[in-house]
>>> print(open('my_file-v4.pdb').read())   # PDB, C-alpha atoms and all ligand atoms
ATOM      1  CA  MET A1467      -3.749  -8.990 -19.354
ATOM      2  CA  LEU A1468      -3.421  -7.944 -15.747
ATOM      3  CA  GLU A1469      -6.481  -8.536 -13.645
ATOM      4  CA  LEU A1470      -7.650  -6.950 -10.412
ATOM      5  CA  LYS A1471      -8.294  -9.638  -7.836
ATOM      6  CA  LYS A1472     -11.484  -9.742  -5.820
ATOM      7  CA  LEU A1473     -11.019  -8.871  -2.182
ATOM      8  CA  GLU A1474     -10.418 -11.929  -0.020
ATOM      9  CA  TYR A1475     -12.828 -10.570   2.598
ATOM     10  CA  GLY A1476     -16.158  -8.805   2.740
ATOM     11  CA  TYR A1477     -16.703  -5.087   2.330
ATOM     12  CA  ASP A1478     -18.023  -4.926   5.893
ATOM     13  CA  ASP A1479     -15.103  -6.805   7.416
ATOM     14  CA  LEU A1480     -12.933  -3.768   8.115
ATOM     15  CA  ASN A1481     -15.604  -1.909  10.070
ATOM     16  CA  PRO A1482     -15.422   0.385  11.919
ATOM     17  CA  VAL A1483     -11.962   1.477  10.739
ATOM     18  CA  ILE A1484     -12.857   1.459   7.037
ATOM     19  CA  ASN A1485     -16.508   1.312   6.038
ATOM     20  CA  SER A1486     -17.942  -0.601   3.091
ATOM     21  CA  GLU A1487     -18.667   2.513   1.047
ATOM     22  CA  THR A1488     -15.006   3.554   1.191
ATOM     23  CA  ILE A1489     -13.857   0.044   0.281
ATOM     24  CA  SER A1490     -16.201  -0.305  -2.668
ATOM     25  CA  PHE A1491     -15.151   3.043  -4.187
ATOM     26  CA  HIS A1492     -11.509   2.426  -3.417
ATOM     27  CA  HIS A1493     -11.301  -1.134  -4.705
ATOM     28  CA  ASP A1494     -13.949  -1.311  -7.417
ATOM     29  CA  LYS A1495     -13.425   2.170  -8.892
ATOM     30  CA  HIS A1496      -9.996   3.609  -8.082
ATOM     31  CA  HIS A1497      -8.041   0.366  -8.004
ATOM     32  CA  GLN A1498      -9.835  -1.028 -11.062
ATOM     33  CA  THR A1499      -8.976   2.119 -13.016
ATOM     34  CA  TYR A1500      -5.258   1.684 -12.336
ATOM     35  CA  TYR A1501      -5.484  -1.842 -13.759
ATOM     36  CA  ASP A1502      -7.464  -0.709 -16.802
ATOM     37  CA  ASN A1503      -5.048   2.116 -17.551
ATOM     38  CA  THR A1504      -2.010  -0.137 -17.070
ATOM     39  CA  ASN A1505      -3.438  -2.713 -19.487
ATOM     40  CA  ASN A1506      -4.083   0.000 -22.067
ATOM     41  CA  LEU A1507      -0.543   1.336 -21.722
ATOM     42  CA  ILE A1508       1.248  -2.009 -22.076
ATOM     43  CA  LYS A1509      -0.938  -3.390 -24.855
ATOM     44  CA  GLY A1510       1.203  -4.290 -27.852
ATOM     45  CA  THR A1511       4.485  -3.505 -26.032
ATOM     46  CA  SER A1512       7.242  -5.790 -24.738
ATOM     47  CA  LEU A1513       5.754  -5.403 -21.249
ATOM     48  CA  GLU A1514       2.342  -6.759 -22.234
ATOM     49  CA  ASP A1515       2.722 -10.141 -20.537
ATOM     50  CA  LYS A1516       4.783  -9.005 -17.591
ATOM     51  CA  SER A1517       3.767  -8.769 -13.935
ATOM     52  CA  LEU A1518       3.288  -5.466 -12.125
ATOM     53  CA  GLU A1519       6.383  -6.225 -10.084
ATOM     54  CA  TYR A1520       8.409  -6.745 -13.246
ATOM     55  CA  ILE A1521       7.072  -3.566 -14.845
ATOM     56  CA  LEU A1522       7.852  -1.445 -11.777
ATOM     57  CA  THR A1523      11.413  -2.737 -11.571
ATOM     58  CA  HIS A1524      12.025  -2.469 -15.342
ATOM     59  CA  LEU A1525      10.406   0.865 -16.200
ATOM     60  CA  GLU A1526      13.354   1.643 -18.467
ATOM     61  CA  GLU A1527      11.998  -1.024 -20.848
ATOM     62  CA  ALA A1528       8.913   1.110 -21.480
ATOM     63  CA  ASP A1529       8.966   3.655 -24.279
ATOM     64  CA  GLU A1530       9.875   7.062 -22.928
ATOM     65  CA  SER A1531       6.565   8.477 -24.118
ATOM     66  CA  ILE A1532       4.605   6.256 -21.704
ATOM     67  CA  ARG A1533       7.142   5.717 -18.921
ATOM     68  CA  THR A1534       5.799   8.227 -16.396
ATOM     69  CA  LYS A1535       2.196   7.254 -17.059
ATOM     70  CA  LEU A1536       3.103   3.591 -16.627
ATOM     71  CA  LYS A1537       4.958   4.308 -13.371
ATOM     72  CA  ASN A1538       1.802   6.015 -12.045
ATOM     73  CA  GLN A1539      -0.747   3.475 -13.264
ATOM     74  CA  ALA A1540       1.175   0.246 -12.613
ATOM     75  CA  GLY A1541       2.272   1.721  -9.279
ATOM     76  CA  GLY A1542      -1.374   2.385  -8.442
ATOM     77  CA  ALA A1543      -2.348  -1.170  -9.352
ATOM     78  CA  TYR A1544       0.514  -2.756  -7.391
ATOM     79  CA  ASN A1545       0.440  -0.487  -4.317
ATOM     80  CA  HIS A1546      -3.239  -1.175  -3.810
ATOM     81  CA  ASP A1547      -2.723  -4.941  -4.169
ATOM     82  CA  LEU A1548      -0.387  -4.671  -1.180
ATOM     83  CA  TYR A1549      -2.753  -2.356   0.687
ATOM     84  CA  TRP A1550      -5.691  -4.802   0.568
ATOM     85  CA  ALA A1551      -3.479  -7.776   1.380
ATOM     86  CA  ILE A1552      -1.933  -6.427   4.583
ATOM     87  CA  ILE A1553      -5.304  -5.525   6.119
ATOM     88  CA  ASN A1554      -6.824  -8.936   5.471
ATOM     89  CA  PRO A1555      -8.652  -9.669   8.741
ATOM     90  CA  THR A1556      -8.253 -13.482   8.525
ATOM     91  CA  ASN A1557      -5.853 -15.115  11.009
ATOM     92  CA  LYS A1558      -4.791 -11.820  12.490
ATOM     93  CA  LYS A1559      -2.251 -11.863  15.311
ATOM     94  CA  GLU A1560      -0.414  -9.293  17.382
ATOM     95  CA  LEU A1561       3.050  -8.239  16.273
ATOM     96  CA  HIS A1562       5.454 -11.111  16.974
ATOM     97  CA  GLY A1563       8.559 -12.939  15.817
ATOM     98  CA  GLU A1564      11.457 -11.559  13.812
ATOM     99  CA  LEU A1565       9.595  -8.443  12.714
ATOM    100  CA  GLU A1566       8.796  -7.531  16.304
ATOM    101  CA  LYS A1567      12.490  -7.835  17.174
ATOM    102  CA  ALA A1568      13.512  -5.734  14.181
ATOM    103  CA  ILE A1569      10.937  -3.033  14.945
ATOM    104  CA  ASN A1570      12.037  -2.860  18.576
ATOM    105  CA  ASN A1571      15.712  -2.733  17.588
ATOM    106  CA  THR A1572      15.170  -0.059  14.961
ATOM    107  CA  PHE A1573      12.569   2.207  16.538
ATOM    108  CA  GLY A1574      12.883   1.403  20.259
ATOM    109  CA  SER A1575       9.373   0.037  20.704
ATOM    110  CA  PHE A1576       6.197  -0.700  18.794
ATOM    111  CA  ASP A1577       4.582   2.482  20.128
ATOM    112  CA  ALA A1578       7.527   4.602  18.999
ATOM    113  CA  PHE A1579       7.366   2.961  15.563
ATOM    114  CA  LYS A1580       3.629   3.565  15.261
ATOM    115  CA  GLU A1581       3.996   7.192  16.330
ATOM    116  CA  LYS A1582       6.716   7.785  13.733
ATOM    117  CA  PHE A1583       4.790   6.005  10.978
ATOM    118  CA  VAL A1584       1.716   8.157  11.695
ATOM    119  CA  GLU A1585       3.814  11.327  11.885
ATOM    120  CA  GLU A1586       5.545  10.602   8.565
ATOM    121  CA  GLY A1587       2.233   9.686   6.944
ATOM    122  CA  LEU A1588       0.783  12.974   8.107
ATOM    123  CA  LYS A1589       3.702  14.848   6.547
ATOM    124  CA  VAL A1590       3.152  13.477   3.029
ATOM    125  CA  PHE A1591       2.128  16.593   1.122
ATOM    126  CA  GLY A1592      -0.725  15.972  -1.274
ATOM    127  CA  SER A1593      -1.252  12.394  -2.424
ATOM    128  CA  GLY A1594       1.078   9.536  -1.649
ATOM    129  CA  TRP A1595       1.943   6.583   0.521
ATOM    130  CA  ILE A1596       3.743   5.817   3.728
ATOM    131  CA  TRP A1597       5.729   2.568   3.801
ATOM    132  CA  LEU A1598       7.667   0.274   6.064
ATOM    133  CA  VAL A1599      10.487  -1.002   3.857
ATOM    134  CA  LYS A1600      13.644  -3.004   4.263
ATOM    135  CA  ASP A1601      17.020  -2.860   2.566
ATOM    136  CA  SER A1602      20.461  -4.236   3.417
ATOM    137  CA  THR A1603      20.772  -1.712   6.269
ATOM    138  CA  GLY A1604      17.473  -2.665   7.909
ATOM    139  CA  LEU A1605      13.967  -1.265   8.347
ATOM    140  CA  LYS A1606      12.942   2.233   7.300
ATOM    141  CA  ILE A1607       9.805   4.335   7.220
ATOM    142  CA  MET A1608       9.582   5.803   3.745
ATOM    143  CA  PRO A1609       7.107   8.226   2.191
ATOM    144  CA  THR A1610       6.459   8.270  -1.558
ATOM    145  CA  SER A1611       4.536  10.732  -3.723
ATOM    146  CA  ASN A1612       1.632   9.894  -5.992
ATOM    147  CA  GLN A1613       1.802   6.165  -6.840
ATOM    148  CA  ASP A1614       5.595   5.842  -6.703
ATOM    149  CA  CYS A1615       6.536   2.408  -5.420
ATOM    150  CA  PRO A1616       9.617   1.663  -3.279
ATOM    151  CA  ILE A1617      10.425  -1.518  -5.256
ATOM    152  CA  THR A1618      11.381   0.711  -8.199
ATOM    153  CA  ASN A1619      14.290   1.915  -6.059
ATOM    154  CA  GLY A1620      15.250  -1.535  -4.815
ATOM    155  CA  PHE A1621      13.490  -1.611  -1.451
ATOM    156  CA  LYS A1622      11.562  -4.573  -0.138
ATOM    157  CA  ILE A1623       8.103  -3.520   1.058
ATOM    158  CA  ILE A1624       6.799  -4.895   4.343
ATOM    159  CA  PHE A1625       3.598  -2.830   4.130
ATOM    160  CA  GLY A1626       2.241   0.559   3.232
ATOM    161  CA  ASN A1627      -0.707   2.787   3.943
ATOM    162  CA  ASP A1628      -2.459   4.882   1.345
ATOM    163  CA  VAL A1629      -2.730   8.558   2.276
ATOM    164  CA  TRP A1630      -4.535   9.712  -0.859
ATOM    165  CA  GLU A1631      -7.752  11.416   0.238
ATOM    166  CA  HIS A1632      -9.808   8.779  -1.620
ATOM    167  CA  ALA A1633      -8.581   6.242   0.965
ATOM    168  CA  TYR A1634     -10.289   7.965   3.880
ATOM    169  CA  TYR A1635     -12.216  11.084   2.895
ATOM    170  CA  LEU A1636     -15.727   9.594   2.795
ATOM    171  CA  GLN A1637     -15.344   8.554   6.405
ATOM    172  CA  TYR A1638     -12.704  10.758   8.014
ATOM    173  CA  GLN A1639     -12.946  13.868   5.807
ATOM    174  CA  ASN A1640      -9.768  15.862   6.541
ATOM    175  CA  ARG A1641      -8.787  13.847   9.625
ATOM    176  CA  ARG A1642      -5.844  11.997   8.106
ATOM    177  CA  LYS A1643      -4.162  11.513  11.483
ATOM    178  CA  GLU A1644      -7.149   9.664  12.910
ATOM    179  CA  TYR A1645      -7.269   7.422   9.825
ATOM    180  CA  LEU A1646      -3.542   6.677  10.091
ATOM    181  CA  GLU A1647      -3.814   5.800  13.779
ATOM    182  CA  LYS A1648      -6.894   3.610  13.434
ATOM    183  CA  TRP A1649      -5.526   1.904  10.323
ATOM    184  CA  PHE A1650      -2.863   0.318  12.512
ATOM    185  CA  ASP A1651      -5.575  -1.793  14.146
ATOM    186  CA  LEU A1652      -6.128  -3.458  10.764
ATOM    187  CA  VAL A1653      -2.558  -4.538  10.086
ATOM    188  CA  ASN A1654      -2.314  -8.308   9.859
ATOM    189  CA  TRP A1655       0.989  -9.040  11.599
ATOM    190  CA  THR A1656       0.880 -12.701  10.570
ATOM    191  CA  ILE A1657       1.195 -11.580   6.955
ATOM    192  CA  ALA A1658       3.732  -8.850   7.784
ATOM    193  CA  GLU A1659       5.936 -11.427   9.546
ATOM    194  CA  GLU A1660       5.696 -13.769   6.540
ATOM    195  CA  ILE A1661       6.758 -10.984   4.195
ATOM    196  CA  TYR A1662       9.572  -9.882   6.496
ATOM    197  CA  THR A1663      11.069 -13.343   6.878
ATOM    198  CA  LYS A1664      10.615 -14.452   3.256
TER     199      LYS A1664
HETATM  200 MN    MN B   1      -5.828   4.500  -3.040
END
>>> encode(input="my_file-v4.pdb", output="structure tokens", more="lines below")
Ligand code: MN
Amino acid sequence: MLELKKLEYGYDDLNPVINSETISFHHDKHHQTYYDNTNNLIKGTSLEDKSLEYILTHLEEADESIRTKLKNQAGGAYNHDLYWAIINPTNKKELHGELEKAINNTFGSFDAFKEKFVEEGLKVFGSGWIWLVKDSTGLKIMPTSNQDCPITNGFKIIFGNDVWEHAYYLQYQNRRKEYLEKWFDLVNWTIAEEIYTK
């Protein structure tokens, strides 16, 4: 059975960008539900003992009758695992190293990258995610709808931000742009660099 991990930091540790009320609803209710639904869907199937990563890259192994549901629920479970991990406030550093070089080479500067990431996140219509991903051609900013996950299409995820209203509405109401901009202050570039160079 797949299990939602406890957060590795306190519910007040992302203040003032994300308040504890938002975190507790988002992690304990929304994220938990994706895990519960995924476990129910894979119970008794060949995917029962597989990881979320495996499931999302082998969706064709799921029965057609549950495939879309599984993509949504396992995607929700996995995407949020990544979301909480990249904003871990422990040992946070400024952007540095290989990822800094790649961002500068690809987007011109960190500020230009941030501006584009925010702009693309703002453009996601309805619910979805905005990602920084990597493939053999380099870094890309990639939006996805609903809980679709870039690993299903072969991309390596560096990080992503959740633009579903449940991620920010309690605190920012309809101000998605402000949430996207402030969220950047939370990114743990030590972890991002580790992921990028792994
Ligand atoms: Mn969410």
>>> closest_atom_pairs(input="my_file-v4.pdb", of="range 1476-1590 of chain A", to="range 1640-1649 of chain A", cutoff="7 Å", atoms="only C-alpha atoms", output="CSV")
residue,atom,partner,partner_atom,distance
A:Val1483,CA,A:Lys1648,CA,6.1
A:Val1584,CA,A:Leu1646,CA,5.7
A:Leu1588,CA,A:Lys1643,CA,6.2
>>> atom_distance(input="my_file-v4.pdb", atom1="CA of Asn1503 in chain A", atom2="CA of Tyr1520 in chain A")
16.7 Å
>>> residues_near_ligand(input="my_file-v4.pdb", ligand="ligand MN 1 (chain B)", cutoff="8 Å", atoms="only C-alpha atoms and all ligand atoms", output="list in words")
His1492, His1496, His1497, Gly1542, His1546, Asp1628, Val1629, Trp1630, Glu1631, His1632 and Ala1633 of chain A
>>> residues_near_point(input="my_file-v4.pdb", point="(10.9, -5.9, 13.5)", cutoff="10 Å", atoms="only C-alpha atoms", output="list in words")
Leu1561, His1562, Gly1563, Glu1564, Leu1565, Glu1566, Lys1567, Ala1568, Ile1569, Asn1570, Asn1571, Thr1572, Phe1573, Ser1575, Phe1576, Phe1579, Gly1604, Leu1605, Ala1658, Glu1659, Tyr1662 and Thr1663 of chain A
>>> residues_around(input="my_file-v4.pdb", residues="range 1591-1597 of chain A", least_positions_apart="3", cutoff="10 Å", atoms="only C-alpha atoms", output="PyMOL selection string")
chain A and resi 1545+1583-1588+1600+1606-1616+1623-1632+1646
>>> closest_residue(input="my_file-v4.pdb", among="A:Asn1505, A:Asn1619, A:Asn1654, A:Ser1602", to="Leu1548 in chain A", atoms="all atoms listed in the file")
A:Asn1654
>>> closest_residue(input="my_file-v4.pdb", among="A:Leu1652, A:Leu1468, A:Ile1521, A:Ile1532", to="Tyr1549 in chain A", atoms="all atoms listed in the file")
A:Leu1652
>>> closest_residue(input="my_file-v4.pdb", among="A:Ala1543, A:Trp1655, A:Glu1660, A:Thr1488", to="Asn1557 in chain A", atoms="all atoms listed in the file")
A:Trp1655
>>> atom_distance(input="my_file-v4.pdb", atom1="CA of Leu1518 in chain A", atom2="CA of Ser1486 in chain A")
26.6 Å
>>> residues_around(input="my_file-v4.pdb", residues="Thr1556 in chain A", least_positions_apart="2", cutoff="9 Å", atoms="only C-alpha atoms", output="ChimeraX atom specification")
/A:1474-1475,1553-1554,1558,1654
>>> closest_residue(input="my_file-v4.pdb", among="A:Thr1504, A:Gln1639, A:Asn1485, A:Thr1656", to="Thr1534 in chain A", atoms="all atoms listed in the file")
A:Thr1504
>>> atom_distance(input="my_file-v4.pdb", atom1="CA of Glu1530 in chain A", atom2="CA of Asp1515 in chain A")
18.8 Å
>>> residues_around(input="my_file-v4.pdb", residues="Lys1472 in chain A", least_positions_apart="3", cutoff="10 Å", atoms="all atoms listed in the file", output="ChimeraX atom specification")
/A:1469,1475-1476,1493-1494,1550
>>> write_last_selection(input="my_file-v4.pdb", atoms="C-alpha atoms", output="mmCIF file, keeping the file's coordinate frame")
data_model
loop_
_atom_site.group_PDB
_atom_site.id
_atom_site.type_symbol
_atom_site.label_atom_id
_atom_site.label_comp_id
_atom_site.auth_asym_id
_atom_site.auth_seq_id
_atom_site.Cartn_x
_atom_site.Cartn_y
_atom_site.Cartn_z
ATOM 1 C CA GLU A 1469 -6.481 -8.536 -13.645
ATOM 2 C CA TYR A 1475 -12.828 -10.570 2.598
ATOM 3 C CA GLY A 1476 -16.158 -8.805 2.740
ATOM 4 C CA HIS A 1493 -11.301 -1.134 -4.705
ATOM 5 C CA ASP A 1494 -13.949 -1.311 -7.417
ATOM 6 C CA TRP A 1550 -5.691 -4.802 0.568
#
>>> axis_aligned_box(input="my_file-v4.pdb", around="range 1531-1536 of chain A", padding_each_side="8 Å", output="AutoDock Vina command-line options")
--center_x 4.7 --center_y 6.0 --center_z -20.3 --size_x 20.9 --size_y 20.9 --size_z 23.7
>>> closest_residue(input="my_file-v4.pdb", among="A:Asp1547, A:Asp1529, A:Asp1478, A:Glu1487", to="Ile1508 in chain A", atoms="all atoms listed in the file")
A:Asp1529
>>> closest_residue(input="my_file-v4.pdb", among="A:Ala1551, A:Leu1536, A:Val1653, A:Leu1525", to="Leu1507 in chain A", atoms="all atoms listed in the file")
A:Leu1536
